[in-house]
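What follows is the content of run01.tsv (TSV, C-alpha atoms).
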chain	number	residue	atom	x	y	z
A	15	MET	CA	-20.98	19.06	-19.17
A	16	THR	CA	-22.99	18.27	-16.06
A	17	THR	CA	-26.29	16.48	-15.69
A	18	THR	CA	-29.36	17.95	-14.03
A	19	SER	CA	-30.82	15.90	-11.20
A	20	SER	CA	-33.59	15.52	-8.69
A	21	ALA	CA	-31.83	15.46	-5.31
A	22	THR	CA	-33.14	13.55	-2.31
A	23	SER	CA	-33.06	15.39	1.01
A	24	SER	CA	-31.81	14.20	4.38
A	25	ASP	CA	-35.21	13.07	5.62
A	26	ASN	CA	-34.98	9.55	4.21
A	27	ARG	CA	-31.40	8.67	3.20
A	28	TYR	CA	-28.86	10.58	5.25
A	29	TYR	CA	-28.46	12.63	8.37
A	30	LYS	CA	-27.52	16.28	8.17
A	31	ASN	CA	-23.83	16.36	9.01
A	32	PRO	CA	-23.63	17.65	12.62
A	33	PHE	CA	-19.85	18.10	12.61
A	34	ASN	CA	-18.05	21.39	12.17
A	35	ASP	CA	-15.63	21.20	9.30
A	36	PHE	CA	-11.90	21.31	9.87
A	37	ASN	CA	-10.15	24.19	11.55
A	38	GLN	CA	-7.15	24.25	13.86
A	39	GLY	CA	-9.30	24.91	16.91
A	40	ASN	CA	-11.67	21.95	16.64
A	41	SER	CA	-9.06	19.38	15.64
A	42	ARG	CA	-6.69	19.55	18.61
A	43	ASP	CA	-7.63	16.16	20.09
A	44	ILE	CA	-8.00	14.56	16.67
A	45	LEU	CA	-4.89	15.62	14.76
A	46	ASP	CA	-1.34	16.19	15.85
A	47	GLY	CA	0.20	18.01	12.92
A	48	ASN	CA	-0.40	15.73	9.95
A	49	GLN	CA	-0.90	12.63	12.11
A	50	VAL	CA	-3.83	11.18	14.02
A	51	HIS	CA	-3.50	12.42	17.60
A	52	ARG	CA	-2.62	9.88	20.30
A	53	ILE	CA	-5.87	10.69	22.13
A	54	PHE	CA	-7.96	9.87	19.06
A	55	ARG	CA	-5.87	6.78	18.28
A	56	ASP	CA	-6.66	5.53	21.78
A	57	ARG	CA	-10.35	6.15	21.15
A	58	LEU	CA	-10.12	4.21	17.90
A	59	ASN	CA	-8.28	1.38	19.62
A	60	ASN	CA	-10.86	1.10	22.40
A	61	SER	CA	-13.68	1.10	19.88
A	62	ILE	CA	-11.98	-1.59	17.79
A	63	LYS	CA	-11.65	-3.80	20.88
A	64	ASP	CA	-15.28	-3.24	21.88
A	65	LEU	CA	-16.62	-3.93	18.40
A	66	LEU	CA	-14.46	-7.05	18.02
A	67	GLN	CA	-15.97	-8.31	21.25
A	68	ARG	CA	-19.43	-7.63	19.82
A	69	LEU	CA	-18.46	-9.58	16.72
A	70	ASP	CA	-17.35	-12.50	18.91
A	71	LYS	CA	-20.55	-12.44	20.97
A	72	ASN	CA	-22.59	-12.76	17.79
A	73	LYS	CA	-20.49	-15.50	16.22
A	74	LYS	CA	-23.46	-17.84	15.87
A	75	TYR	CA	-25.05	-15.36	13.45
A	76	TRP	CA	-22.10	-15.00	11.08
A	77	ASP	CA	-20.19	-18.27	11.48
A	78	VAL	CA	-22.51	-20.08	9.09
A	79	ASN	CA	-22.02	-22.59	6.30
A	80	ASP	CA	-24.10	-21.02	3.56
A	81	GLU	CA	-22.03	-17.94	2.73
A	82	TYR	CA	-18.29	-18.04	2.08
A	83	SER	CA	-17.59	-14.87	0.11
A	84	ILE	CA	-15.45	-11.93	1.11
A	85	TYR	CA	-18.37	-9.63	0.41
A	86	THR	CA	-20.87	-10.98	2.97
A	87	GLY	CA	-19.47	-14.34	4.12
A	88	VAL	CA	-16.95	-15.81	6.50
A	89	ALA	CA	-14.06	-15.06	4.12
A	90	GLY	CA	-14.75	-11.37	4.74
A	91	ILE	CA	-14.48	-11.95	8.49
A	92	ALA	CA	-11.22	-13.78	7.73
A	93	PHE	CA	-10.01	-10.70	5.85
A	94	LEU	CA	-10.67	-8.61	8.96
A	95	PHE	CA	-8.79	-11.05	11.20
A	96	TYR	CA	-5.91	-11.20	8.71
A	97	GLN	CA	-5.64	-7.41	8.77
A	98	HIS	CA	-5.97	-7.26	12.56
A	99	GLY	CA	-3.31	-9.92	12.98
A	100	LYS	CA	-0.95	-8.06	10.69
A	101	GLN	CA	-1.54	-4.62	12.20
A	102	PHE	CA	-1.43	-5.67	15.87
A	103	ASN	CA	0.82	-8.73	15.54
A	104	ASP	CA	-2.02	-10.77	17.04
A	105	HIS	CA	-1.49	-14.53	16.77
A	106	ILE	CA	-5.08	-15.35	17.78
A	107	SER	CA	-6.40	-13.29	14.88
A	108	ASN	CA	-4.00	-15.07	12.53
A	109	LYS	CA	-5.24	-18.44	13.72
A	110	ARG	CA	-8.86	-17.45	13.23
A	111	ALA	CA	-8.11	-16.09	9.77
A	112	ALA	CA	-6.47	-19.37	8.79
A	113	GLU	CA	-9.46	-21.43	9.92
A	114	LEU	CA	-12.01	-19.27	8.13
A	115	ILE	CA	-10.01	-19.06	4.90
A	116	GLU	CA	-9.64	-22.82	4.73
A	117	ARG	CA	-13.35	-23.32	5.34
A	118	SER	CA	-14.29	-20.73	2.74
A	119	ILE	CA	-12.20	-22.32	0.01
A	120	LYS	CA	-13.61	-25.77	0.75
A	121	GLY	CA	-17.15	-24.41	0.95
A	122	PHE	CA	-17.30	-22.78	-2.47
A	123	HIS	CA	-18.55	-25.06	-5.24
A	124	SER	CA	-19.03	-22.90	-8.34
A	125	LYS	CA	-15.76	-22.43	-10.22
A	126	HIS	CA	-17.44	-19.85	-12.43
A	127	ARG	CA	-17.65	-17.35	-9.55
A	128	VAL	CA	-14.33	-15.77	-10.40
A	129	ALA	CA	-14.57	-12.35	-8.73
A	130	PHE	CA	-12.61	-11.44	-5.62
A	131	LEU	CA	-15.51	-10.14	-3.55
A	132	THR	CA	-18.25	-12.65	-4.36
A	133	GLY	CA	-16.49	-15.66	-5.82
A	134	THR	CA	-14.07	-18.45	-5.09
A	135	ALA	CA	-11.20	-16.30	-6.33
A	136	GLY	CA	-11.45	-14.07	-3.24
A	137	PRO	CA	-10.80	-16.66	-0.52
A	138	VAL	CA	-8.19	-18.30	-2.76
A	139	ALA	CA	-6.29	-15.04	-3.32
A	140	LEU	CA	-6.57	-14.12	0.35
A	141	GLY	CA	-5.42	-17.62	1.28
A	142	ALA	CA	-2.38	-17.34	-0.97
A	143	VAL	CA	-1.38	-14.04	0.61
A	144	PHE	CA	-2.08	-15.18	4.16
A	145	ASN	CA	-0.17	-18.47	3.82
A	146	HIS	CA	2.77	-16.61	2.29
A	147	THR	CA	2.91	-14.31	5.32
A	148	GLN	CA	2.83	-17.37	7.58
A	149	ALA	CA	5.70	-19.02	5.65
A	150	LYS	CA	3.42	-21.81	4.41
A	151	GLN	CA	4.77	-21.70	0.90
A	152	GLU	CA	3.39	-25.02	-0.27
A	153	ASP	CA	-0.16	-23.96	0.58
A	154	ALA	CA	0.38	-20.51	-0.93
A	155	THR	CA	1.69	-22.04	-4.16
A	156	SER	CA	-1.30	-24.37	-4.39
A	157	MET	CA	-3.72	-21.46	-4.05
A	158	ILE	CA	-1.86	-19.36	-6.60
A	159	LYS	CA	-2.15	-22.24	-9.06
A	160	MET	CA	-5.89	-22.44	-8.34
A	161	LEU	CA	-6.26	-18.69	-8.90
A	162	ARG	CA	-4.48	-18.92	-12.26
A	163	HIS	CA	-6.77	-21.79	-13.24
A	164	PHE	CA	-9.85	-19.55	-13.02
A	165	SER	CA	-8.51	-17.51	-15.95
A	166	LYS	CA	-9.87	-20.07	-18.40
A	167	TYR	CA	-13.37	-18.93	-17.48
A	168	VAL	CA	-12.46	-15.25	-17.48
A	169	LEU	CA	-10.84	-15.32	-20.93
A	170	ASN	CA	-13.40	-17.62	-22.55
A	171	ASP	CA	-16.21	-15.75	-24.33
A	172	MET	CA	-18.47	-18.77	-24.07
A	173	ASP	CA	-18.66	-18.44	-20.28
A	174	LYS	CA	-20.20	-14.97	-20.56
A	175	VAL	CA	-18.44	-13.57	-17.52
A	176	PRO	CA	-19.45	-9.92	-16.93
A	177	ASN	CA	-16.79	-7.24	-16.67
A	178	GLU	CA	-17.78	-5.45	-13.46
A	179	LEU	CA	-16.03	-5.64	-10.10
A	180	LEU	CA	-18.51	-7.45	-7.88
A	181	TYR	CA	-19.10	-10.53	-10.05
A	182	GLY	CA	-16.91	-10.17	-13.10
A	183	ARG	CA	-13.54	-9.79	-14.80
A	184	ALA	CA	-12.54	-6.62	-12.95
A	185	GLY	CA	-12.99	-8.55	-9.72
A	186	TYR	CA	-10.73	-11.32	-11.00
A	187	LEU	CA	-8.16	-8.78	-12.15
A	188	PHE	CA	-8.19	-7.26	-8.68
A	189	GLY	CA	-7.46	-10.68	-7.17
A	190	LEU	CA	-4.40	-11.08	-9.39
A	191	LEU	CA	-3.15	-7.59	-8.51
A	192	PHE	CA	-3.80	-8.17	-4.80
A	193	VAL	CA	-1.60	-11.27	-4.82
A	194	ASN	CA	1.19	-9.63	-6.80
A	195	SER	CA	1.20	-6.49	-4.66
A	196	THR	CA	1.59	-8.52	-1.47
A	197	ILE	CA	3.85	-11.44	-2.39
A	198	SER	CA	7.44	-10.87	-3.51
A	199	PRO	CA	8.54	-11.77	-6.07
A	200	PRO	CA	5.11	-11.40	-7.75
A	201	PRO	CA	3.87	-14.96	-8.49
A	202	ILE	CA	1.26	-14.13	-11.17
A	203	ASP	CA	2.93	-13.80	-14.55
A	204	ALA	CA	2.56	-10.46	-16.29
A	205	GLU	CA	1.18	-12.03	-19.46
A	206	LEU	CA	-1.93	-13.32	-17.68
A	207	ILE	CA	-2.66	-9.91	-16.16
A	208	LYS	CA	-2.17	-8.27	-19.56
A	209	GLN	CA	-4.63	-10.72	-21.13
A	210	VAL	CA	-7.31	-10.11	-18.52
A	211	ALA	CA	-6.92	-6.32	-18.69
A	212	ALA	CA	-7.00	-6.40	-22.51
A	213	LYS	CA	-10.15	-8.53	-22.40
A	214	ILE	CA	-11.87	-5.96	-20.18
A	215	ILE	CA	-10.81	-3.04	-22.38
A	216	ASN	CA	-11.73	-4.76	-25.64
A	217	SER	CA	-15.14	-5.78	-24.26
A	218	GLY	CA	-15.83	-2.19	-23.28
A	219	ARG	CA	-14.83	-0.85	-26.69
A	220	VAL	CA	-16.94	-3.38	-28.57
A	221	TYR	CA	-20.01	-2.66	-26.45
A	222	SER	CA	-19.50	1.11	-26.72
A	223	GLU	CA	-19.16	1.06	-30.51
A	224	LYS	CA	-22.15	-1.26	-30.94
A	225	ASN	CA	-24.39	0.88	-28.73
A	226	LYS	CA	-22.98	4.30	-29.70
A	227	SER	CA	-22.20	5.08	-26.07
A	228	LYS	CA	-21.07	8.46	-24.81
A	229	SER	CA	-17.91	6.87	-23.42
A	230	ILE	CA	-15.15	5.13	-25.33
A	231	LEU	CA	-15.59	2.26	-22.84
A	232	MET	CA	-18.98	1.12	-21.61
A	233	TYR	CA	-20.35	-2.03	-20.04
A	234	GLU	CA	-23.73	-3.56	-19.30
A	235	TRP	CA	-24.84	-5.51	-16.26
A	236	HIS	CA	-28.41	-6.73	-15.81
A	237	ASP	CA	-29.61	-4.58	-18.73
A	238	LYS	CA	-28.22	-1.34	-17.30
A	239	GLU	CA	-25.10	0.67	-18.00
A	240	TYR	CA	-23.97	1.10	-14.41
A	241	LEU	CA	-21.43	3.76	-13.48
A	242	GLY	CA	-20.55	3.11	-9.81
A	243	GLY	CA	-17.86	1.16	-8.03
A	244	ALA	CA	-19.53	-2.21	-7.53
A	245	HIS	CA	-21.15	-2.89	-10.90
A	246	GLY	CA	-20.11	-0.09	-13.18
A	247	LEU	CA	-17.61	1.86	-15.18
A	248	SER	CA	-15.87	3.71	-12.34
A	249	GLY	CA	-15.02	0.46	-10.53
A	250	ILE	CA	-13.71	-1.15	-13.71
A	251	LEU	CA	-11.58	1.87	-14.56
A	252	TYR	CA	-10.21	2.08	-11.02
A	253	VAL	CA	-8.97	-1.51	-11.19
A	254	LEU	CA	-7.52	-0.93	-14.67
A	255	LEU	CA	-5.61	2.07	-13.33
A	256	GLN	CA	-4.12	-0.17	-10.66
A	257	ALA	CA	-3.02	-2.49	-13.48
A	258	ARG	CA	-1.44	0.37	-15.45
A	259	GLU	CA	2.05	-1.17	-15.50
A	260	TYR	CA	0.55	-4.04	-17.52
A	261	LEU	CA	-1.11	-1.75	-20.10
A	262	ASN	CA	0.51	-0.45	-23.26
A	263	GLN	CA	0.37	3.25	-24.10
A	264	ASP	CA	-2.66	2.90	-26.38
A	265	GLN	CA	-4.61	1.02	-23.71
A	266	LEU	CA	-3.68	3.55	-21.04
A	267	LYS	CA	-4.82	6.34	-23.34
A	268	VAL	CA	-8.17	4.60	-23.79
A	269	VAL	CA	-8.54	4.36	-20.01
A	270	GLU	CA	-7.73	8.05	-19.63
A	271	SER	CA	-10.28	8.92	-22.32
A	272	ALA	CA	-12.91	6.78	-20.62
A	273	ILE	CA	-12.31	8.59	-17.32
A	274	GLU	CA	-12.65	11.89	-19.15
A	275	ASP	CA	-15.89	10.67	-20.75
A	276	LEU	CA	-17.17	9.53	-17.37
A	277	GLY	CA	-16.97	13.11	-16.11
A	278	GLN	CA	-19.81	14.16	-18.41
A	279	PHE	CA	-22.29	12.17	-16.32
A	280	LYS	CA	-21.61	14.19	-13.16
A	281	PHE	CA	-24.59	15.95	-11.62
A	282	SER	CA	-24.35	19.66	-10.91
A	283	SER	CA	-24.27	18.69	-7.21
A	284	GLY	CA	-20.95	16.89	-7.74
A	285	ASN	CA	-22.52	13.44	-7.34
A	286	PHE	CA	-22.89	10.79	-10.06
A	287	PRO	CA	-25.89	8.72	-11.15
A	288	SER	CA	-26.01	5.00	-10.54
A	289	SER	CA	-26.48	4.27	-14.26
A	290	VAL	CA	-26.59	6.03	-17.62
A	291	GLY	CA	-29.88	7.90	-18.01
A	292	ASN	CA	-30.77	7.85	-14.33
A	293	LYS	CA	-31.48	11.41	-13.21
A	294	ALA	CA	-32.11	10.67	-9.54
A	295	ASP	CA	-29.34	12.28	-7.48
A	296	LYS	CA	-29.97	10.20	-4.37
A	297	LEU	CA	-27.28	7.56	-3.77
A	298	VAL	CA	-24.05	8.46	-1.98
A	299	HIS	CA	-22.59	5.00	-1.47
A	300	TRP	CA	-19.34	3.33	-2.44
A	301	CYS	CA	-21.34	0.96	-4.67
A	302	HIS	CA	-23.33	3.75	-6.38
A	303	GLY	CA	-22.35	7.40	-6.10
A	304	ALA	CA	-19.63	9.86	-5.20
A	305	PRO	CA	-17.27	7.77	-2.97
A	306	SER	CA	-15.96	5.43	-5.68
A	307	PHE	CA	-15.73	8.32	-8.16
A	308	ALA	CA	-13.66	10.33	-5.68
A	309	MET	CA	-11.21	7.44	-5.46
A	310	LEU	CA	-11.05	7.00	-9.24
A	311	PHE	CA	-10.61	10.66	-10.15
A	312	SER	CA	-8.16	11.21	-7.31
A	313	LEU	CA	-5.89	8.42	-8.53
A	314	ALA	CA	-6.36	9.48	-12.15
A	315	SER	CA	-5.36	13.05	-11.33
A	316	GLU	CA	-2.12	11.78	-9.83
A	317	ILE	CA	-1.31	9.44	-12.73
A	318	PHE	CA	-2.27	11.75	-15.61
A	319	LYS	CA	-1.42	15.06	-13.89
A	320	ARG	CA	-4.81	16.50	-14.75
A	321	GLU	CA	-6.36	19.32	-12.76
A	322	ASP	CA	-9.86	18.61	-14.11
A	323	PHE	CA	-9.75	15.12	-12.65
A	324	TYR	CA	-8.60	16.52	-9.33
A	325	GLU	CA	-11.46	19.02	-9.28
A	326	ILE	CA	-14.02	16.26	-9.80
A	327	ALA	CA	-12.49	14.24	-6.96
A	328	VAL	CA	-12.75	17.24	-4.65
A	329	GLU	CA	-16.38	17.83	-5.66
A	330	CYS	CA	-17.18	14.21	-4.84
A	331	GLY	CA	-15.55	14.68	-1.47
A	332	GLU	CA	-17.83	17.61	-0.71
A	333	VAL	CA	-20.86	15.50	-1.59
A	334	VAL	CA	-19.76	12.77	0.81
A	335	TRP	CA	-19.07	15.24	3.62
A	336	SER	CA	-22.52	16.75	3.18
A	337	ARG	CA	-24.59	13.62	2.47
A	338	GLY	CA	-22.47	10.67	3.54
A	339	LEU	CA	-23.76	9.96	7.06
A	340	LEU	CA	-26.26	7.39	5.86
A	341	LYS	CA	-29.33	6.21	7.69
A	342	LYS	CA	-28.89	2.87	5.97
A	343	GLY	CA	-26.02	1.85	8.24
A	344	TYR	CA	-22.28	1.68	8.78
A	345	GLY	CA	-21.00	-0.82	6.20
A	346	LEU	CA	-18.47	-0.53	3.42
A	347	CYS	CA	-20.71	-1.09	0.42
A	348	HIS	CA	-23.54	1.30	1.25
A	349	GLY	CA	-22.74	2.75	4.64
A	350	VAL	CA	-20.78	5.33	6.58
A	351	ALA	CA	-17.52	3.34	6.82
A	352	GLY	CA	-17.33	2.94	3.05
A	353	ASN	CA	-18.02	6.64	2.62
A	354	GLY	CA	-15.31	7.45	5.16
A	355	TYR	CA	-12.71	5.91	2.85
A	356	THR	CA	-13.36	8.84	0.50
A	357	PHE	CA	-11.49	11.10	2.89
A	358	LEU	CA	-8.67	8.65	3.58
A	359	TYR	CA	-8.03	8.52	-0.16
A	360	LEU	CA	-8.26	12.26	-0.69
A	361	TYR	CA	-5.85	12.72	2.20
A	362	LYS	CA	-3.37	10.23	0.75
A	363	GLN	CA	-3.49	11.96	-2.65
A	364	THR	CA	-3.58	15.61	-1.55
A	365	LYS	CA	-1.86	15.54	1.90
A	366	ASP	CA	-4.52	18.07	2.95
A	367	ILE	CA	-5.18	17.38	6.65
A	368	LYS	CA	-8.77	18.57	6.23
A	369	TYR	CA	-9.50	15.17	4.71
A	370	LEU	CA	-7.81	13.29	7.52
A	371	TYR	CA	-9.95	15.26	9.97
A	372	ARG	CA	-13.08	14.38	7.99
A	373	ALA	CA	-12.16	10.69	7.94
A	374	CYS	CA	-11.76	10.80	11.72
A	375	LYS	CA	-15.15	12.45	12.16
A	376	PHE	CA	-16.79	9.71	10.09
A	377	ALA	CA	-14.89	7.21	12.25
A	378	GLU	CA	-16.25	8.97	15.34
A	379	TRP	CA	-19.77	8.46	13.99
A	380	CYS	CA	-18.98	4.77	13.42
A	381	MET	CA	-17.72	4.35	16.99
A	382	ASP	CA	-21.29	4.93	18.11
A	383	TYR	CA	-22.19	1.78	16.22
A	384	GLY	CA	-25.88	0.99	15.80
A	385	THR	CA	-27.22	4.26	17.16
A	386	HIS	CA	-27.88	5.91	13.80
A	387	GLN	CA	-29.31	3.17	11.64
A	388	SER	CA	-32.76	2.85	10.08
A	389	ARG	CA	-32.49	-0.75	8.89
A	390	THR	CA	-30.59	-3.95	9.57
A	391	PRO	CA	-28.68	-5.39	6.60
A	392	ASP	CA	-29.13	-8.99	5.52
A	393	ARG	CA	-25.64	-9.84	6.78
A	394	PRO	CA	-25.18	-7.40	9.68
A	395	PHE	CA	-21.77	-8.70	10.80
A	396	SER	CA	-20.18	-9.07	7.36
A	397	LEU	CA	-17.29	-7.18	5.80
A	398	PHE	CA	-19.25	-5.25	3.22
A	399	GLU	CA	-22.66	-4.85	4.83
A	400	GLY	CA	-21.96	-4.66	8.52
A	401	LEU	CA	-19.79	-4.70	11.59
A	402	ALA	CA	-16.61	-6.33	10.23
A	403	GLY	CA	-16.20	-3.64	7.58
A	404	THR	CA	-16.72	-0.89	10.11
A	405	ILE	CA	-13.96	-2.33	12.30
A	406	TYR	CA	-11.71	-2.56	9.24
A	407	PHE	CA	-12.28	1.14	8.51
A	408	LEU	CA	-11.49	2.13	12.10
A	409	MET	CA	-8.23	0.18	11.91
A	410	ASP	CA	-7.30	1.96	8.69
A	411	CYS	CA	-7.98	5.31	10.34
A	412	GLN	CA	-5.22	4.47	12.80
A	413	ASN	CA	-2.78	4.11	9.91
A	414	PRO	CA	-4.11	6.38	7.14
A	415	ALA	CA	-0.93	6.24	5.07
A	416	GLU	CA	-1.44	2.48	4.67
A	417	ALA	CA	-5.24	2.54	4.30
A	418	LYS	CA	-6.68	0.37	1.53
A	419	PHE	CA	-10.34	-0.23	0.87
A	420	PRO	CA	-10.53	-4.04	1.09
A	421	GLY	CA	-11.33	-5.78	-2.17
A	422	TYR	CA	-10.96	-2.52	-4.11
A	423	THR	CA	-7.41	-1.24	-3.62
A	424	GLY	CA	-4.56	-3.72	-3.86

Please go through the file and, once you have read it, give me the structure as structure tokens.
Amino acid sequence: MTTTSSATSSDNRYYKNPFNDFNQGNSRDILDGNQVHRIFRDRLNNSIKDLLQRLDKNKKYWDVNDEYSIYTGVAGIAFLFYQHGKQFNDHISNKRAAELIERSIKGFHSKHRVAFLTGTAGPVALGAVFNHTQAKQEDATSMIKMLRHFSKYVLNDMDKVPNELLYGRAGYLFGLLFVNSTISPPPIDAELIKQVAAKIINSGRVYSEKNKSKSILMYEWHDKEYLGGAHGLSGILYVLLQAREYLNQDQLKVVESAIEDLGQFKFSSGNFPSSVGNKADKLVHWCHGAPSFAMLFSLASEIFKREDFYEIAVECGEVVWSRGLLKKGYGLCHGVAGNGYTFLYLYKQTKDIKYLYRACKFAEWCMDYGTHQSRTPDRPFSLFEGLAGTIYFLMDCQNPAEAKFPGYTG
């Protein structure tokens, strides 16, 4: 079943895609077989250098003491430097990452902000991983202990922690998975991850049964049943899929059923509404709309071997190609770079070079940073709203096989 919608045209949210779609003739300087061509890699590299210089020149605007999160604060800039240091073996980037991580952890005061992207758990998890890579095991161990400590808030019903990714339990679960996927042997015990995942699943079942929801799992945030990546069901399910080795067969079956149920909310266009009951087919962002659903259904199709999931992922990809060059900007959360990850993920899952080409064309748009933008975000240099996230995407386009949407894929 699909949902009817009222679509919004390109005049106020997105630019009409000016790029020709993939064919062998128009991809010669972009792809070399199933790899990014050396010519385009050089273009990416030059753009990364230029945009990093722009980030440096504007340091006084982002190097502030009132925002420490990975989402829009200095910890997000640290994440970029950590990734740049790792990818280019750049010691200066490593040093800058270390300084910003330390400041972020000291700057946070609310222990109840447990999510990776917006809470203390993010800088702590990133700090654990970074210090491990720098052979600072004592510091890494201290941060892992701190991360474990936050579980008492996550597992305690009295603290009323939401379940979504941006502020809630799914965000904490991601932090645990991020640490375990990067540090060997995995330092977070399996039992804790199982408890957090079970808490998320049980909360969704209880809410769904109480409210007679159309999905076996459903969640509420700020009086709405959101469906997108940041606050809603697709983001929660995507993190649970990444935790699948910690789920029993019954729990995994519930997750599969919830993904199946989620498909019923799809618009006839291939896009998804931001929340249950919303009939406005207007948002094509990672936070609300097709990009996060493409990632979820793509991964689900691989895990459960289901063609119907694959078809939904492909439909979402077509929506992003058509409507993903946003006038709003270039960021990860609600911008072109975040939308570009749609194609990196579809390429990784399908090996179809059409998607690698599309990712590169969205990267090409991002290289012309600032030209196509109707508004300036609140945090224009941050990881999720601005320049740092765009640079991160361009770096991932250089190594598509290793690409991971920061704070969303562990």

Checklist entry - In terms of the shortest atom-to-atom distance over all atoms listed in the file, which of A:Lys375, A:Lys226, A:Lys418, A:Lys109 is closest to Phe54 of chain A? => result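 Comparing A:Lys375, A:Lys226, A:Lys418, A:Lys109 against Phe54 of chain A, the winner is A:Lys375.
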
Checklist entry - Which one is closest to His236 of chain A: A:Asn177, A:Ser315, A:Ser282, A:Gln387? Count all atoms listed in the file. => result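 Closest to His236 of chain A of all the choices is A:Asn177.
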
Checklist entry - In Å to one decimal, how far is atom CA of Glu81 of chain A from atom CA of Cys301 of chain A? => result 20.3 Å

Next on the checklist: List as an MDAnalysis selection string the protein and nucleic acid residues near Val333 of chain A, meaning an atom at most 9 Å away when all atoms listed in the file are counted, but skip any in the same chain fewer than 3 places from it.
Outcome noted: chainID A and resid 283:285 298 304:305 328:330 336:338

Item to check | Who sits within 6 Å of Ala373 of chain A, only C-alpha atoms, same chain under 4 positions skipped, as an MDAnalysis selection string | outcome: chainID A and resid 354 357:358

Next on the checklist: I want to know what sits within 8 Å of segment 390-405 of chain A, based on all atoms listed in the file, with residues of the same chain fewer than 4 positions away left out; could you give that as a list in words?
Outcome noted: Ile62, Leu65, Leu66, Leu69, Tyr75, Trp76, Ile84, Tyr85, Thr86, Gly87, Val88, Gly90, Ile91, Leu94, Lys342, Gly343, Tyr344, Gly345, Leu346, Cys347, His348, Gly349, Ala351, Cys380 and Met409 of chain A

Next on the checklist: Report, in Å to a single decimal, how far apart atom CA of Tyr82 of chain A and atom CA of Val175 of chain A are.
Outcome noted: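 About the pair atom CA of Val175 of chain A and atom CA of Tyr82 of chain A: they are 20.1 Å apart.
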
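Residues of protein, DNA or RNA having at least one counted atom within 10 Å of (-4.7, -21.1, -6.4), given only C-alpha atoms, are Ile119, Thr134, Ala135, Pro137, Val138, Ala139, Leu140, Gly141, Ala142, Asp153, Ala154, Thr155, Ser156, Met157, Ile158, Lys159, Met160, Leu161, Arg162, His163 and Phe164 of chain A.
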
Next on the checklist: Can you tell me which residues surround Leu339 of chain A at a distance of at most 6 Å, considering only C-alpha atoms, apart from same-chain residues fewer than 4 positions away, and format the answer as JSON, numbers by chain?
Outcome noted: {"A": [28, 29, 350]}

Checklist entry - For the atom pair atom CA of Asn194 of chain A and atom CA of Glu274 of chain A, what is the interatomic distance in Å to one decimal place? => result 28.4 Å

Item to check | Residue nearest Leu254 of chain A - candidates A:Glu116, A:Asp77, A:Glu270, A:Asp56, atoms counted: only C-alpha atoms | outcome: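 The closest residue to Leu254 of chain A is A:Glu270.
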